[in-house]
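What follows is the content of input-v5.csv (CSV, C-alpha atoms).
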chain,number,residue,atom,x,y,z
A,1,MET,CA,6.9,-10.3,70.4
A,2,PRO,CA,4.3,-12.9,71.3
A,3,ARG,CA,5.3,-15.8,73.4
A,4,VAL,CA,3.0,-18.4,71.7
A,5,LEU,CA,1.5,-18.6,68.3
A,6,SER,CA,-1.9,-20.2,68.0
A,7,LEU,CA,-3.2,-21.5,64.6
A,8,ASP,CA,-6.5,-22.5,63.4
A,9,LEU,CA,-6.5,-25.7,61.3
A,10,ASP,CA,-9.4,-26.2,58.8
A,11,ASP,CA,-9.2,-23.7,56.0
A,12,THR,CA,-6.1,-22.1,57.5
A,13,LEU,CA,-3.6,-25.0,57.0
A,14,TRP,CA,-5.6,-27.0,54.5
A,15,PRO,CA,-8.9,-26.7,52.6
A,16,ILE,CA,-11.5,-28.7,54.6
A,17,ALA,CA,-14.2,-29.2,51.9
A,18,PRO,CA,-12.2,-31.6,49.7
A,19,ALA,CA,-11.1,-33.7,52.7
A,20,ILE,CA,-14.7,-34.0,54.0
A,21,GLU,CA,-16.0,-34.9,50.5
A,22,ALA,CA,-13.3,-37.6,50.1
A,23,ALA,CA,-14.1,-39.0,53.5
A,24,GLU,CA,-17.8,-39.1,52.8
A,25,ALA,CA,-17.1,-40.9,49.5
A,26,GLU,CA,-14.8,-43.4,51.2
A,27,LEU,CA,-17.4,-44.1,53.9
A,28,HIS,CA,-20.0,-44.6,51.2
A,29,ALA,CA,-17.8,-47.1,49.4
A,30,TRP,CA,-17.3,-49.0,52.7
A,31,PHE,CA,-21.0,-49.1,53.2
A,32,GLU,CA,-21.5,-50.4,49.6
A,33,ALA,CA,-19.0,-53.2,50.3
A,34,ARG,CA,-20.1,-54.1,53.8
A,35,LEU,CA,-23.7,-52.8,54.4
A,36,PRO,CA,-25.3,-52.2,51.0
A,37,VAL,CA,-28.7,-51.4,52.4
A,38,VAL,CA,-27.2,-48.5,54.4
A,39,ALA,CA,-25.4,-47.3,51.3
A,40,ALA,CA,-28.6,-47.3,49.2
A,41,THR,CA,-30.6,-45.6,51.9
A,42,TRP,CA,-28.0,-43.1,52.9
A,43,PRO,CA,-25.9,-41.9,50.0
A,44,PRO,CA,-23.4,-39.1,50.8
A,45,LEU,CA,-25.7,-36.2,50.3
A,46,ALA,CA,-28.4,-37.8,52.5
A,47,MET,CA,-25.9,-38.6,55.1
A,48,ARG,CA,-24.6,-35.0,55.1
A,49,ALA,CA,-28.2,-33.7,55.5
A,50,LEU,CA,-28.7,-36.2,58.4
A,51,ARG,CA,-25.6,-34.9,60.1
A,52,ALA,CA,-26.9,-31.3,59.7
A,53,ARG,CA,-30.2,-32.3,61.4
A,54,ILE,CA,-28.4,-34.0,64.2
A,55,ALA,CA,-26.3,-30.8,64.8
A,56,GLN,CA,-29.4,-28.7,64.8
A,57,HIS,CA,-31.4,-30.8,67.1
A,58,CYS,CA,-28.6,-31.8,69.5
A,59,PRO,CA,-27.2,-28.5,70.7
A,60,GLU,CA,-25.5,-30.3,73.7
A,61,ILE,CA,-23.0,-31.7,71.2
A,62,ALA,CA,-22.7,-28.6,69.0
A,63,HIS,CA,-19.0,-28.4,70.0
A,64,ASP,CA,-18.2,-32.0,69.2
A,65,PHE,CA,-18.1,-32.9,65.5
A,66,SER,CA,-17.0,-36.5,66.2
A,67,ALA,CA,-20.0,-37.0,68.5
A,68,GLN,CA,-22.3,-35.6,65.8
A,69,ARG,CA,-20.8,-37.9,63.2
A,70,ARG,CA,-21.1,-41.0,65.4
A,71,LEU,CA,-24.7,-40.1,66.3
A,72,SER,CA,-25.5,-39.8,62.5
A,73,LEU,CA,-24.0,-43.2,61.8
A,74,LEU,CA,-26.0,-44.7,64.7
A,75,HIS,CA,-29.2,-43.3,63.3
A,76,ALA,CA,-28.4,-44.5,59.8
A,77,LEU,CA,-27.7,-48.0,61.0
A,78,ARG,CA,-30.8,-48.2,63.2
A,79,SER,CA,-33.0,-47.0,60.3
A,80,CYS,CA,-31.8,-49.9,58.2
A,81,GLU,CA,-32.0,-52.4,61.1
A,82,GLU,CA,-28.3,-53.0,61.0
A,83,ASP,CA,-26.1,-53.8,64.0
A,84,GLU,CA,-25.1,-50.7,66.0
A,85,ALA,CA,-21.7,-52.3,66.6
A,86,HIS,CA,-20.7,-51.1,63.1
A,87,VAL,CA,-20.6,-47.4,64.3
A,88,ASP,CA,-17.0,-47.6,65.5
A,89,GLU,CA,-15.7,-49.2,62.4
A,90,ALA,CA,-17.6,-46.8,60.1
A,91,PHE,CA,-16.5,-43.8,62.1
A,92,ASP,CA,-12.8,-45.0,61.8
A,93,VAL,CA,-13.2,-45.3,58.0
A,94,PHE,CA,-14.5,-41.7,57.8
A,95,PHE,CA,-12.0,-40.3,60.3
A,96,ARG,CA,-8.9,-41.7,58.7
A,97,ALA,CA,-10.0,-40.3,55.4
A,98,ARG,CA,-10.9,-36.9,56.9
A,99,ASN,CA,-7.4,-36.6,58.2
A,100,ARG,CA,-5.7,-37.2,54.8
A,101,VAL,CA,-5.6,-33.5,54.3
A,102,CYS,CA,-3.7,-31.7,51.5
A,103,CYS,CA,-2.0,-28.6,53.0
A,104,TYR,CA,-1.8,-25.3,51.2
A,105,GLU,CA,1.5,-25.1,49.3
A,106,ASP,CA,3.0,-22.6,51.7
A,107,VAL,CA,2.1,-24.4,54.9
A,108,PRO,CA,4.8,-27.2,55.3
A,109,GLU,CA,7.8,-24.8,55.1
A,110,ALA,CA,6.0,-22.1,57.1
A,111,LEU,CA,5.3,-24.5,60.0
A,112,ILE,CA,9.0,-25.4,60.1
A,113,ARG,CA,9.9,-21.7,60.3
A,114,LEU,CA,7.2,-20.7,62.8
A,115,SER,CA,7.9,-23.7,65.1
A,116,ALA,CA,11.5,-22.7,65.3
A,117,MET,CA,10.5,-19.3,66.7
A,118,PHE,CA,7.5,-20.1,68.9
A,119,PRO,CA,5.7,-22.8,70.7
A,120,LEU,CA,2.9,-23.5,68.3
A,121,ALA,CA,-0.7,-24.3,69.5
A,122,SER,CA,-3.6,-25.5,67.4
A,123,LEU,CA,-7.0,-24.1,68.2
A,124,SER,CA,-9.8,-25.6,66.2
A,125,ASN,CA,-13.5,-26.1,66.2
A,126,GLY,CA,-13.0,-29.2,64.1
A,127,ASN,CA,-11.9,-32.7,65.0
A,128,ALA,CA,-8.7,-33.1,63.0
A,129,ASP,CA,-6.1,-35.4,64.5
A,130,LEU,CA,-2.7,-33.7,64.0
A,131,GLU,CA,-0.8,-36.9,64.3
A,132,GLN,CA,-2.9,-38.5,61.5
A,133,THR,CA,-2.4,-35.4,59.3
A,134,GLY,CA,1.4,-35.7,59.7
A,135,LEU,CA,1.8,-32.3,61.2
A,136,GLY,CA,1.7,-33.2,64.9
A,137,SER,CA,5.5,-32.7,65.5
A,138,HIS,CA,5.1,-28.9,64.9
A,139,PHE,CA,2.6,-28.4,67.7
A,140,SER,CA,3.4,-28.4,71.4
A,141,VAL,CA,-0.2,-27.6,72.5
A,142,ARG,CA,-3.5,-28.7,71.0
A,143,VAL,CA,-6.9,-27.3,71.9
A,144,ALA,CA,-10.2,-28.5,70.4
A,145,ALA,CA,-13.7,-27.2,70.9
A,146,ARG,CA,-14.9,-30.6,72.1
A,147,GLU,CA,-12.4,-30.3,75.0
A,148,ALA,CA,-13.4,-26.8,75.9
A,149,GLY,CA,-17.1,-27.5,75.7
A,150,ALA,CA,-17.6,-24.5,73.3
A,151,LEU,CA,-16.9,-23.5,69.8
A,152,LYS,CA,-15.0,-20.4,68.7
A,153,PRO,CA,-15.7,-17.5,69.1
A,154,ASP,CA,-16.8,-18.5,72.7
A,155,PRO,CA,-14.2,-17.2,75.1
A,156,ARG,CA,-14.0,-20.5,76.9
A,157,ILE,CA,-12.0,-22.1,74.2
A,158,PHE,CA,-9.5,-19.3,74.2
A,159,ALA,CA,-9.4,-19.5,78.0
A,160,LEU,CA,-8.4,-23.2,77.7
A,161,LEU,CA,-5.7,-22.2,75.3
A,162,CYS,CA,-4.3,-19.7,77.8
A,163,GLU,CA,-4.4,-22.4,80.5
A,164,ARG,CA,-2.6,-25.0,78.5
A,165,THR,CA,0.1,-22.7,77.2
A,166,GLY,CA,0.6,-21.0,80.6
A,167,CYS,CA,0.4,-17.6,79.0
A,168,PRO,CA,-1.9,-14.7,79.6
A,169,PRO,CA,-4.0,-13.8,76.5
A,170,GLU,CA,-2.0,-10.7,75.6
A,171,GLN,CA,1.1,-12.8,75.1
A,172,ILE,CA,-0.6,-15.1,72.5
A,173,LEU,CA,-1.1,-14.3,68.8
A,174,HIS,CA,-3.9,-16.3,67.2
A,175,ALA,CA,-4.1,-16.6,63.4
A,176,GLY,CA,-6.9,-18.1,61.4
A,177,ASP,CA,-9.0,-17.7,58.3
A,178,ASP,CA,-12.4,-16.8,59.8
A,179,PRO,CA,-13.1,-13.1,60.6
A,180,LEU,CA,-15.7,-14.0,63.3
A,181,LEU,CA,-14.5,-17.2,64.8
A,182,ASP,CA,-10.7,-16.5,64.7
A,183,VAL,CA,-10.2,-12.8,64.6
A,184,GLY,CA,-13.3,-11.7,66.5
A,185,GLY,CA,-13.1,-14.5,69.0
A,186,ALA,CA,-9.4,-13.9,69.7
A,187,ARG,CA,-9.8,-10.2,70.1
A,188,ASP,CA,-12.8,-10.4,72.4
A,189,ALA,CA,-10.8,-12.9,74.6
A,190,GLY,CA,-7.9,-10.4,74.8
A,191,LEU,CA,-5.5,-12.1,72.4
A,192,ARG,CA,-3.8,-10.5,69.5
A,193,ALA,CA,-5.3,-11.7,66.2
A,194,ALA,CA,-4.0,-12.2,62.6
A,195,TRP,CA,-6.3,-12.8,59.7
A,196,ILE,CA,-5.1,-15.3,57.1
A,197,ASN,CA,-6.9,-14.0,54.0
A,198,ARG,CA,-5.9,-16.3,51.2
A,199,GLU,CA,-8.7,-15.0,48.9
A,200,ARG,CA,-7.8,-11.3,49.5
A,201,ARG,CA,-11.4,-10.5,50.5
A,202,PRO,CA,-12.4,-7.2,51.9
A,203,TRP,CA,-12.7,-7.2,55.7
A,204,PRO,CA,-16.3,-8.2,56.5
A,205,GLY,CA,-16.2,-7.5,60.2
A,206,PRO,CA,-16.9,-7.9,63.1
A,207,GLY,CA,-15.3,-4.7,64.3
A,208,THR,CA,-12.5,-2.9,62.6
A,209,GLU,CA,-10.1,-4.5,60.2
A,210,PRO,CA,-7.3,-6.2,62.1
A,211,GLU,CA,-3.8,-4.8,62.1
A,212,LEU,CA,-2.3,-8.1,61.0
A,213,ILE,CA,-3.6,-9.5,57.7
A,214,PHE,CA,-1.6,-12.0,55.7
A,215,GLU,CA,-2.3,-13.7,52.4
A,216,ASN,CA,-0.9,-17.0,53.6
A,217,LEU,CA,1.1,-18.7,56.4
A,218,GLY,CA,4.4,-18.0,54.7
A,219,ALA,CA,3.7,-14.2,54.9
A,220,LEU,CA,3.0,-14.6,58.6
A,221,ALA,CA,6.3,-16.4,59.0
A,222,ASP,CA,8.1,-13.6,57.2
A,223,TRP,CA,6.5,-11.0,59.5
A,224,CYS,CA,7.5,-13.0,62.6
A,225,GLU,CA,11.1,-13.3,61.4
A,226,ARG,CA,11.3,-9.6,60.9
A,227,LEU,CA,9.8,-8.9,64.3
A,228,ARG,CA,12.3,-11.3,65.9
A,229,VAL,CA,15.2,-9.5,64.2
A,230,ARG,CA,13.9,-6.1,65.4
A,231,SER,CA,13.3,-7.4,69.0
A,232,SER,CA,16.9,-8.7,69.2
A,233,ALA,CA,18.5,-5.6,67.8
What would you get if you wrote out this structure as structure tokens?
Amino acid sequence: MPRVLSLDLDDTLWPIAPAIEAAEAELHAWFEARLPVVAATWPPLAMRALRARIAQHCPEIAHDFSAQRRLSLLHALRSCEEDEAHVDEAFDVFFRARNRVCCYEDVPEALIRLSAMFPLASLSNGNADLEQTGLGSHFSVRVAAREAGALKPDPRIFALLCERTGCPPEQILHAGDDPLLDVGGARDAGLRAAWINRERRPWPGPGTEPELIFENLGALADWCERLRVRSSA
């Protein structure tokens, strides 16, 4: 029985693409109302391409999506000769919308069940704010790539998880949707790993198919409850 359950966030608890698209649209509407030259010069697709270039050319902030976003906004404002002081407000508009996530249907109940059995930790490459998403009360530990200085599957982010939970890696079960970042990264760092495979895809690697594969978070909660019953028998 694991002592701690670690969960990925984006595309494990909620689909991230709709949240990002909505946030980009809300940011663009804000620019249209406040800074129309920026809106005309940098529509959402252009702003997205700018952020991708920033990420490519600034590897020192590859692990910090908020820093990438802020730098993109700074570049957009400068290119339109607008006041750089607008960066903070523009980022806040985007970030509030980015955190208005719509969880998968199984997630709210599953989090209640899981948090009754384990301390829950979040382990994410992204920059979601669990308090703003409304899910913060379920998690006792939060670990983000920007704090670890590295993205999954780098072992440093898993090492920070172990440090913050006070558990050795073999006592932590990490669950997430990505075969490489979540399953591969966790296993290489000595953690047990579970693959949340909502689309029922064949295992693509790396390595052998994990022992634990669940179609959603509710199925993971079912397995944990059965394991707890067997452990207490």
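Nearest to Glu105 in chain A of all the residues A:Thr12, A:Trp203, A:Ala189, A:Ile213 is A:Thr12, based on all atoms listed in the file.
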Leu120 in chain A proximity check over A:Arg51, A:Arg3, A:Arg34, A:His57, using all atoms listed in the file: winner is A:Arg3
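Among the candidates A:Ala17, A:Met1, A:Leu227, A:Glu26, the one nearest to Cys102 in chain A when counting only C-alpha atoms is A:Ala17.
In terms of minimum interatomic distance to Leu173 in chain A, A:Val4 ranks closest within A:Val4, A:Ala159, A:Leu74, A:Ala110, counting only C-alpha atoms.
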Give me the residues within 10 Å of Val101 in chain A as a tab-separated table (two decimals) with C-alpha atoms, in the frame of the given file, counting only C-alpha atoms and dropping any in the same chain fewer than 5 places off.
chain	number	residue	atom	x	y	z
A	10	ASP	CA	-9.40	-26.20	58.80
A	13	LEU	CA	-3.60	-25.00	57.00
A	14	TRP	CA	-5.60	-27.00	54.50
A	15	PRO	CA	-8.90	-26.70	52.60
A	16	ILE	CA	-11.50	-28.70	54.60
A	17	ALA	CA	-14.20	-29.20	51.90
A	18	PRO	CA	-12.20	-31.60	49.70
A	19	ALA	CA	-11.10	-33.70	52.70
A	20	ILE	CA	-14.70	-34.00	54.00
A	22	ALA	CA	-13.30	-37.60	50.10
A	96	ARG	CA	-8.90	-41.70	58.70
A	128	ALA	CA	-8.70	-33.10	63.00
A	132	GLN	CA	-2.90	-38.50	61.50
A	133	THR	CA	-2.40	-35.40	59.30
A	134	GLY	CA	1.40	-35.70	59.70
